[in-house]
Amino acid sequence: MTEQSNTLLVTCALPYANGSIHLGHILEHIQADIYVRFQRMLGRQVYFVCADDQHGTPIMIKAQKLGRTPEDIIGEMENEHRRDFAGFEISYDHYYRTNSPENREISEKLYTTLRDRGYIQVKKISQLFDPEKKMFLPDRFVKGTCPKCHAEDQYGDNCECCGATYSPADLINPRSVISGATPVMQESEHYFFDLPQFDAFLKDWIASGTIPREMANKLQEWFDSGLQQWDISRDAPYFGFQIPGTENKYFYVWLDAPVGYLASFKNFMDSKGICFEDFLKQDSDSEMVHFIGKDILYFHSLFWPAMLHGAGCRVPDHLYVHGYVTVNGAKMSKSKGTFIKAATYLKHFDPECLRYYYASKMNGKIDDLDLNLPDFVARTNSDLVNKLVNLASRTAVFITRKFQGRLADTLDAPELLESFTAAKEEIAAGYQSREYSALIRKVMDLADSANRYVDEKEPWVLAKDAGRDAELQRICTTCLNLYRVLITYLSPVLPKLARDSAAFLKTDLDWNSLDRALLGTEISPFKALFKRIDMKSVEAMINDSLQDLKDLSAQESKGSASRKSEKKEKKAEQSGEAAPETVTIDDFARLDLRAARVISCEEVPESDKLLKFRLDLGNGEERQVFSGIKSAYPAPAALIGRFVIMIYNLAPRKMRFGISEGMILSAGSGNKDIFLLSADAGVKPGDRVA
RNA sequence: GGCUACGUAGCUCAGUUGGUUAGAGCAUCGCACUCAUAAUGCGGGGGUCACUAGUUCGAUUCUAGUCGUAGCUACCA
């Protein structure tokens, strides 16, 4: 371990106040909590803070829909989030909110400093505007027909059918999701943070070891494509903070969200009478680290440090980035019931099972972590109950029955205990580098050797021989001391088990007195410290999650990253077992399918998958359509003259090689197994499919 | 398609700065034990370390390619 400042601020990403905490969020908070508890155990001054992220359009819209105030909604959600984190033993020193006076104050101060130093620019941009609600619409709040593939009901930024990206203004028949009104283009002044000015600074900052090298490579892509100015303002009405010096401009939620770290910290410091401003100084000797998911790396590795630096403040020392949680090897899926809320989990399981399971798989890298439920059950039972707690269980009975709960004054195997305490540095290094899986393996290895020790000594044999009581007492005392060391090692992961064990052993479990053996003292009679779990509870939890489905569907998210994960979720559902939704005849009638004759068909040379068709739709109408079926039809000329079925009323889509004015239907599993649909002889160009 | 990761026992994962018979836990089989929440210990079976080619005295470990998976991205309406 290198030399460190003694004061440390640790944060987790602020959960958005528009949805419940789920097991994906929990991973991050557990990872950080374990880190924090370990640092505290070493005696560092740690401040572990978090907050709810409460601003933005989604919150505002949700409030309107429910006929309530945003403040009302975020207050409720904040309570729920606090409860969930407390339920998982996340030991925040302070959990606050972004809709707070401190956050307003710091956000304004950062902004005005940046503005005065020339880092803010004002530009006019055109945006879709809802004339009924009198508000500008984020991409997500505009829907319409995809200009490329003519799929209906697509969001304003990209199409979920064809994956095309576009501007909301490109949509055909756009409408506001909020009012249903047709949005109009309107100009408005926007405030931009001049990120490109920080190009050199950011490169240095990233190269200095603040983020893992593997991620640094990824960031290089962003630098290569050039940093862009960042739009930090939103027009009224907006639920957030008004920008100083403006009439109707508000800070974009992602501007004040990371500031929420500092706001939470300040609120806490103020309550303790400690100077917060010292912490923010550029030469502050304290340390600041953020635990985040890889989906928000963009905000934390570019905007956030640039803002702080630009305003003359200290910057984060480390970003600890983790991957996503998968369940049973697949993305969390609402329809499979593997989209599990924190509260739902807690109804069925002890939080420490998940803390332990996650820890046993965390390696400090950004790989995704799989919560394999049968494995979760097996691992919890075998490691925690069968191995670890069993050590106490199998020896404590003798101490209680034969020695009135009193431990021996000497050990039977002091060298064994020494070998346990000698692992201290190795364990500490595991916590420090967040390679929890390695340290857990080490601890379980020691637990195995402790069980082996008990087997060799056969205390149950000695117990039958009154003449060997002293020996028996020393052996059990040794084993309980081994247990004490192991549970101390794991106390950052299993705080509750550690507390219960401390009560059982009637001692404190602390890092610095590890090597002082517990001798001659009394312990409590052993009671089960940890219960086994079973697959039935897993099934019950899955069923509960399926019940939650409806509530969750109301959940919305704010950032592009979370939107993408929703998209992924959707994809996962499509490939899963879920039965396709049934549609009515009316739904079908919305599609205008027609027979068309292939006039010409050729490869698009620069494309790997595309064929370009000219189609005859009858009455002299022709359409150009691109179709990604080159892999199955390597000889496109052979298709000329045949009939195909196309979607006639699909919105045209601009592609790199021209406009695609429809979609040709085919069946098959993909690649070479793609087969064009056609009609029997007699069909004429333009005939409708019904 | 491009870029970046990853691909090690049935499952979840270690590991190898290139070097004798590749590891753990769970699962499975056999034996032992009975103190313990039907826990524990010992032993066995199980892997061509994705595939192919190359560098090397020697590759699971390095290089290239192929296939597969994931992420980002692009043109697959």
# chains A, B, ... in the order shown; residues from 1 in each chain; ligands from 1

call {"tool": "closest_atom_pairs", "arguments": {"of": "region 333-395 of chain A", "to": "region 434-453 of chain A", "cutoff": "6 Å", "atoms": "only C-alpha atoms", "output": "Markdown table"}}
result
| residue | atom | partner | partner_atom | distance |
| --- | --- | --- | --- | --- |
| A:Ala359 | CA | A:Tyr436 | CA | 5.4 |
| A:Ser360 | CA | A:Ser437 | CA | 4.3 |
| A:Lys361 | CA | A:Ser437 | CA | 5.0 |
| A:Met362 | CA | A:Ser437 | CA | 5.3 |
| A:Asn363 | CA | A:Glu435 | CA | 4.1 |
| A:Gly364 | CA | A:Arg434 | CA | 4.9 |

call {"tool": "select_by_dssp", "arguments": {"residues": "region 215-362 of chain A", "states": "strand (DSSP E)", "output": "list of chain:residue names"}}
result
A:Trp230, A:Asp231, A:Ser233, A:Arg234, A:Asp235, A:Lys249, A:Tyr250, A:Phe251, A:Glu287, A:Met288, A:Val289, A:His290, A:Phe291, A:Ile292, A:Gly293, A:His318, A:Leu319, A:Tyr320, A:Val321, A:His322, A:Val325, A:Thr326, A:Val327, A:Ala330, A:Lys331

call {"tool": "write_last_selection", "arguments": {"atoms": "N, CA, C and O atoms", "output": "short mmCIF file (atom, residue, chain, number, x, y, z; two decimals), in the first residue's frame"}}
result
data_model
loop_
_atom_site.label_atom_id
_atom_site.label_comp_id
_atom_site.auth_asym_id
_atom_site.auth_seq_id
_atom_site.Cartn_x
_atom_site.Cartn_y
_atom_site.Cartn_z
N TRP A 230 -20.49 20.87 -24.30
CA TRP A 230 -21.52 20.14 -23.56
C TRP A 230 -22.67 21.08 -23.21
O TRP A 230 -22.46 22.10 -22.54
N ASP A 231 -23.84 20.73 -23.66
CA ASP A 231 -25.04 21.54 -23.42
C ASP A 231 -25.49 21.36 -21.98
O ASP A 231 -25.96 20.29 -21.58
N SER A 233 -27.64 23.55 -20.29
CA SER A 233 -28.85 24.28 -19.89
C SER A 233 -30.10 23.64 -20.46
O SER A 233 -30.06 22.95 -21.48
N ARG A 234 -31.19 23.85 -19.77
CA ARG A 234 -32.50 23.42 -20.25
C ARG A 234 -33.47 24.57 -20.02
O ARG A 234 -33.35 25.30 -19.03
N ASP A 235 -34.42 24.68 -20.93
CA ASP A 235 -35.39 25.77 -20.80
C ASP A 235 -36.48 25.42 -19.80
O ASP A 235 -36.81 24.25 -19.60
N LYS A 249 -33.56 29.73 -17.69
CA LYS A 249 -32.67 28.60 -17.98
C LYS A 249 -32.36 27.83 -16.70
O LYS A 249 -32.15 28.41 -15.65
N TYR A 250 -32.28 26.51 -16.88
CA TYR A 250 -32.00 25.65 -15.72
C TYR A 250 -30.80 24.77 -16.01
O TYR A 250 -30.53 24.42 -17.15
N PHE A 251 -30.13 24.37 -14.94
CA PHE A 251 -29.02 23.44 -15.11
C PHE A 251 -29.56 22.08 -15.54
O PHE A 251 -30.48 21.54 -14.92
N GLU A 287 -8.32 12.69 0.02
CA GLU A 287 -8.49 11.86 -1.17
C GLU A 287 -9.98 11.78 -1.51
O GLU A 287 -10.82 11.71 -0.61
N MET A 288 -10.30 11.77 -2.80
CA MET A 288 -11.71 11.65 -3.22
C MET A 288 -11.81 10.55 -4.26
O MET A 288 -11.12 10.59 -5.29
N VAL A 289 -12.64 9.55 -4.01
CA VAL A 289 -12.82 8.48 -4.98
C VAL A 289 -14.30 8.26 -5.26
O VAL A 289 -15.13 8.42 -4.37
N HIS A 290 -14.61 7.93 -6.49
CA HIS A 290 -16.00 7.67 -6.88
C HIS A 290 -16.13 6.23 -7.38
O HIS A 290 -15.41 5.81 -8.27
N PHE A 291 -17.08 5.54 -6.81
CA PHE A 291 -17.44 4.23 -7.35
C PHE A 291 -18.57 4.46 -8.37
O PHE A 291 -19.59 5.09 -8.03
N ILE A 292 -18.36 3.99 -9.58
CA ILE A 292 -19.38 4.18 -10.62
C ILE A 292 -19.48 2.94 -11.52
O ILE A 292 -18.58 2.11 -11.54
N GLY A 293 -20.56 2.87 -12.26
CA GLY A 293 -20.72 1.82 -13.27
C GLY A 293 -20.10 2.30 -14.57
O GLY A 293 -19.92 3.49 -14.79
N HIS A 318 -9.51 8.91 -7.85
CA HIS A 318 -9.72 7.64 -8.53
C HIS A 318 -11.18 7.47 -8.92
O HIS A 318 -12.08 7.92 -8.20
N LEU A 319 -11.38 6.82 -10.04
CA LEU A 319 -12.71 6.34 -10.39
C LEU A 319 -12.62 4.82 -10.34
O LEU A 319 -11.80 4.22 -11.03
N TYR A 320 -13.42 4.23 -9.51
CA TYR A 320 -13.44 2.77 -9.43
C TYR A 320 -14.66 2.29 -10.21
O TYR A 320 -15.81 2.49 -9.80
N VAL A 321 -14.39 1.70 -11.35
CA VAL A 321 -15.45 1.40 -12.30
C VAL A 321 -15.80 -0.09 -12.29
O VAL A 321 -14.90 -0.93 -12.33
N HIS A 322 -17.07 -0.37 -12.21
CA HIS A 322 -17.49 -1.78 -12.24
C HIS A 322 -18.41 -2.03 -13.43
O HIS A 322 -18.88 -1.09 -14.07
N VAL A 325 -24.47 -6.17 -13.65
CA VAL A 325 -24.86 -7.44 -13.05
C VAL A 325 -25.69 -8.22 -14.07
O VAL A 325 -26.59 -7.66 -14.69
N THR A 326 -25.34 -9.47 -14.25
CA THR A 326 -26.23 -10.34 -15.02
C THR A 326 -26.80 -11.37 -14.06
O THR A 326 -26.23 -11.60 -12.99
N VAL A 327 -27.93 -11.94 -14.42
CA VAL A 327 -28.54 -12.96 -13.56
C VAL A 327 -28.65 -14.24 -14.36
O VAL A 327 -29.20 -14.24 -15.46
N ALA A 330 -27.51 -14.02 -17.98
CA ALA A 330 -28.17 -13.16 -18.96
C ALA A 330 -28.48 -11.81 -18.33
O ALA A 330 -28.46 -11.66 -17.11
N LYS A 331 -28.75 -10.85 -19.17
CA LYS A 331 -29.10 -9.53 -18.64
C LYS A 331 -30.35 -9.63 -17.79
O LYS A 331 -31.21 -10.46 -18.05
#

call {"tool": "interface_residues", "arguments": {"of": "chain B", "to": "chain A", "cutoff": "7 Å", "atoms": "only C-alpha atoms (C1' of nucleotides)", "output": "ChimeraX atom specification"}}
result
/B:1,12,26,35-37,39-41,75-77

call {"tool": "atom_distance", "arguments": {"atom1": "CA of His22 (chain A)", "atom2": "CA of Ile61 (chain A)"}}
result
22.3 Å

call {"tool": "select_by_dssp", "arguments": {"residues": "region 355-545 of chain A", "states": "helix (DSSP H, G or I)", "output": "VMD selection string"}}
result
chain A and resid 355 to 361 373 to 403 414 to 421 424 to 432 436 to 457 459 to 462 466 to 490 495 to 505 511 to 513 535 to 545

call {"tool": "residues_around", "arguments": {"residues": "region 68-74 of chain B", "least_positions_apart": "5", "cutoff": "9 Å", "atoms": "only C-alpha atoms (C1' of nucleotides)", "output": "list in words"}}
result
Lys218 of chain A; G1, G2, C3, U4, A5, C6, G7 and A50 of chain B

call {"tool": "residues_around", "arguments": {"residues": "region 504-514 of chain A", "least_positions_apart": "3", "cutoff": "12 Å", "atoms": "only C-alpha atoms (C1' of nucleotides)", "output": "VMD selection string"}}
result
chain A and resid 37 to 43 389 392 to 393 396 399 to 400 405 to 407 417 to 425 427 to 428 477 480 to 492 495 497 to 501 517 to 529

call {"tool": "closest_residue", "arguments": {"among": "A:Pro70, A:Gly24, A:Pro244, A:Gly144", "to": "Glu105 (chain A)", "atoms": "only C-alpha atoms"}}
result
A:Pro244

call {"tool": "atom_distance", "arguments": {"atom1": "CA of Phe241 (chain A)", "atom2": "CA of Glu108 (chain A)"}}
result
8.6 Å

call {"tool": "decode", "arguments": {"residues": "region 313-400 of chain A", "atoms": "C-alpha atoms", "output": "PDB file, in the first residue's frame"}}
result
ATOM      1  CA  CYS A 313     -11.059  22.942  -7.400  1.00  0.00           C
ATOM      2  CA  ARG A 314      -9.472  19.610  -6.601  1.00  0.00           C
ATOM      3  CA  VAL A 315     -10.332  16.719  -8.880  1.00  0.00           C
ATOM      4  CA  PRO A 316     -11.157  13.081  -8.108  1.00  0.00           C
ATOM      5  CA  ASP A 317      -8.199  10.861  -7.284  1.00  0.00           C
ATOM      6  CA  HIS A 318      -9.724   7.642  -8.527  1.00  0.00           C
ATOM      7  CA  LEU A 319     -12.711   6.342 -10.395  1.00  0.00           C
ATOM      8  CA  TYR A 320     -13.441   2.772  -9.430  1.00  0.00           C
ATOM      9  CA  VAL A 321     -15.454   1.405 -12.304  1.00  0.00           C
ATOM     10  CA  HIS A 322     -17.491  -1.776 -12.238  1.00  0.00           C
ATOM     11  CA  GLY A 323     -19.510  -3.691 -14.827  1.00  0.00           C
ATOM     12  CA  TYR A 324     -23.126  -4.704 -14.950  1.00  0.00           C
ATOM     13  CA  VAL A 325     -24.859  -7.442 -13.050  1.00  0.00           C
ATOM     14  CA  THR A 326     -26.231 -10.342 -15.023  1.00  0.00           C
ATOM     15  CA  VAL A 327     -28.537 -12.956 -13.561  1.00  0.00           C
ATOM     16  CA  ASN A 328     -28.073 -16.586 -14.504  1.00  0.00           C
ATOM     17  CA  GLY A 329     -25.750 -15.526 -17.268  1.00  0.00           C
ATOM     18  CA  ALA A 330     -28.172 -13.158 -18.965  1.00  0.00           C
ATOM     19  CA  LYS A 331     -29.099  -9.532 -18.643  1.00  0.00           C
ATOM     20  CA  MET A 332     -31.580  -8.783 -15.946  1.00  0.00           C
ATOM     21  CA  SER A 333     -34.958  -9.313 -17.476  1.00  0.00           C
ATOM     22  CA  LYS A 334     -38.277  -8.120 -16.237  1.00  0.00           C
ATOM     23  CA  SER A 335     -40.173 -10.814 -18.036  1.00  0.00           C
ATOM     24  CA  LYS A 336     -38.022 -13.572 -16.570  1.00  0.00           C
ATOM     25  CA  GLY A 337     -38.334 -12.111 -13.100  1.00  0.00           C
ATOM     26  CA  THR A 338     -34.610 -11.562 -12.836  1.00  0.00           C
ATOM     27  CA  PHE A 339     -34.981  -7.817 -12.633  1.00  0.00           C
ATOM     28  CA  ILE A 340     -34.926  -7.944  -8.879  1.00  0.00           C
ATOM     29  CA  LYS A 341     -35.503  -4.929  -6.681  1.00  0.00           C
ATOM     30  CA  ALA A 342     -33.457  -4.534  -3.545  1.00  0.00           C
ATOM     31  CA  ALA A 343     -36.585  -4.585  -1.418  1.00  0.00           C
ATOM     32  CA  THR A 344     -37.801  -7.765  -3.098  1.00  0.00           C
ATOM     33  CA  TYR A 345     -34.519  -9.493  -2.392  1.00  0.00           C
ATOM     34  CA  LEU A 346     -34.645  -8.444   1.241  1.00  0.00           C
ATOM     35  CA  LYS A 347     -38.052 -10.014   1.651  1.00  0.00           C
ATOM     36  CA  HIS A 348     -36.521 -13.409   0.933  1.00  0.00           C
ATOM     37  CA  PHE A 349     -32.853 -13.309   1.907  1.00  0.00           C
ATOM     38  CA  ASP A 350     -30.362 -12.030   4.397  1.00  0.00           C
ATOM     39  CA  PRO A 351     -28.455  -9.098   2.879  1.00  0.00           C
ATOM     40  CA  GLU A 352     -25.176 -10.718   3.849  1.00  0.00           C
ATOM     41  CA  CYS A 353     -25.722 -13.612   1.463  1.00  0.00           C
ATOM     42  CA  LEU A 354     -25.571 -11.210  -1.441  1.00  0.00           C
ATOM     43  CA  ARG A 355     -22.784  -9.145   0.098  1.00  0.00           C
ATOM     44  CA  TYR A 356     -20.760 -12.303   0.405  1.00  0.00           C
ATOM     45  CA  TYR A 357     -21.649 -13.645  -3.013  1.00  0.00           C
ATOM     46  CA  TYR A 358     -20.851 -10.398  -4.795  1.00  0.00           C
ATOM     47  CA  ALA A 359     -17.628 -10.028  -2.832  1.00  0.00           C
ATOM     48  CA  SER A 360     -16.606 -13.557  -3.714  1.00  0.00           C
ATOM     49  CA  LYS A 361     -16.744 -12.580  -7.381  1.00  0.00           C
ATOM     50  CA  MET A 362     -15.460  -9.022  -7.382  1.00  0.00           C
ATOM     51  CA  ASN A 363     -12.004  -8.590  -8.825  1.00  0.00           C
ATOM     52  CA  GLY A 364     -11.702  -4.829  -9.206  1.00  0.00           C
ATOM     53  CA  LYS A 365     -12.104  -5.063 -12.964  1.00  0.00           C
ATOM     54  CA  ILE A 366     -14.933  -3.815 -15.084  1.00  0.00           C
ATOM     55  CA  ASP A 367     -16.124  -7.242 -16.127  1.00  0.00           C
ATOM     56  CA  ASP A 368     -19.786  -7.929 -15.671  1.00  0.00           C
ATOM     57  CA  LEU A 369     -20.626  -9.999 -12.634  1.00  0.00           C
ATOM     58  CA  ASP A 370     -22.983 -12.909 -12.908  1.00  0.00           C
ATOM     59  CA  LEU A 371     -25.433 -13.612 -10.139  1.00  0.00           C
ATOM     60  CA  ASN A 372     -25.989 -17.285 -10.793  1.00  0.00           C
ATOM     61  CA  LEU A 373     -28.832 -18.141  -8.472  1.00  0.00           C
ATOM     62  CA  PRO A 374     -28.207 -21.860  -7.917  1.00  0.00           C
ATOM     63  CA  ASP A 375     -24.541 -21.031  -7.398  1.00  0.00           C
ATOM     64  CA  PHE A 376     -25.545 -18.254  -5.024  1.00  0.00           C
ATOM     65  CA  VAL A 377     -27.453 -20.713  -2.861  1.00  0.00           C
ATOM     66  CA  ALA A 378     -24.695 -23.336  -2.943  1.00  0.00           C
ATOM     67  CA  ARG A 379     -21.954 -20.863  -2.189  1.00  0.00           C
ATOM     68  CA  THR A 380     -23.740 -19.215   0.701  1.00  0.00           C
ATOM     69  CA  ASN A 381     -24.516 -22.522   2.373  1.00  0.00           C
ATOM     70  CA  SER A 382     -21.238 -24.186   1.820  1.00  0.00           C
ATOM     71  CA  ASP A 383     -18.890 -21.283   2.564  1.00  0.00           C
ATOM     72  CA  LEU A 384     -20.737 -19.371   5.216  1.00  0.00           C
ATOM     73  CA  VAL A 385     -22.596 -22.097   7.081  1.00  0.00           C
ATOM     74  CA  ASN A 386     -20.834 -25.375   6.412  1.00  0.00           C
ATOM     75  CA  LYS A 387     -17.308 -24.070   6.637  1.00  0.00           C
ATOM     76  CA  LEU A 388     -17.113 -20.813   8.468  1.00  0.00           C
ATOM     77  CA  VAL A 389     -19.821 -20.704  11.103  1.00  0.00           C
ATOM     78  CA  ASN A 390     -19.476 -24.434  11.544  1.00  0.00           C
ATOM     79  CA  LEU A 391     -16.076 -23.816  13.139  1.00  0.00           C
ATOM     80  CA  ALA A 392     -17.709 -22.005  15.994  1.00  0.00           C
ATOM     81  CA  SER A 393     -20.654 -24.313  16.140  1.00  0.00           C
ATOM     82  CA  ARG A 394     -18.670 -27.530  16.392  1.00  0.00           C
ATOM     83  CA  THR A 395     -16.311 -26.384  19.136  1.00  0.00           C
ATOM     84  CA  ALA A 396     -18.321 -23.929  21.204  1.00  0.00           C
ATOM     85  CA  VAL A 397     -20.617 -26.659  22.470  1.00  0.00           C
ATOM     86  CA  PHE A 398     -17.754 -28.224  24.405  1.00  0.00           C
ATOM     87  CA  ILE A 399     -16.732 -24.954  25.977  1.00  0.00           C
ATOM     88  CA  THR A 400     -20.287 -24.333  27.067  1.00  0.00           C
TER      89      THR A 400
END
